[in-house]
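Notes to accompany the following structure.
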Amino acid sequence: MSFGDVPSVEVGEVPADPYDAAVLLDVREDYEWADGHAPGALHIPMVDVPARLDEIDIDAEVYVVCRQGGRSIQVVAYLNQIGYDAVNVSGGMVAWQHTGRPLTADDGRSAKIY
């Protein structure tokens, strides 16, 4: 599978409420997550995904997001190879913030991706 074969959607196509048979998986590093993330997202840094597969519902559609799309493409390719229904979120959290989708941050700080 080439990266051109990885299924992708625009930010606006991600369900507003990822709890309905879908998971929004954020694969950014801890410091990136702390600065701002989508409410309700599941945070598993990219390098930890293989060891933490049991936290990702294999029956759900999994929308994978990182900062701009590089890491999430790789994670989507991996998840799809092992039987998940995963989709890359094009433009990542930068596009998420740019389109005005909701953000939250740790410790009551103002959420900011860029």
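Ordering of the structure tokens sets the chain letters (A, B, ...), residue numbers begin anew at 1 in every chain, and ligands are numbered from 1 in the order given.
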All strand (DSSP E or B) positions in chain A, as a VMD selection string: chain A and resid 8 to 9 22 to 26 37 42 to 43 61 to 65 85 to 89 104
Segment 33-47 of chain A surroundings by only C-alpha atoms, 9 Å radius, close-in-sequence under 2 positions cut, as number ranges by chain: A: 17-19, 23-31, 49-52, 55-56, 66, 71-72, 74-75, 93, 96, 101-107, 109-113
Non-local contacts of segment 5-15 of chain A (10 Å; only C-alpha atoms; under 3 positions in same chain excluded) as number ranges by chain: A: 1-2, 18-24, 62-65, 69, 72-78, 80, 85-101
Residue list (helix (DSSP H, G or I), DSSP) for segment 15-66 of chain A, as a ChimeraX atom specification: /A:30-35,46-48,50-55
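Atom CA of Arg67 of chain A sits 23.6 Å away from atom CA of Asp54 of chain A.
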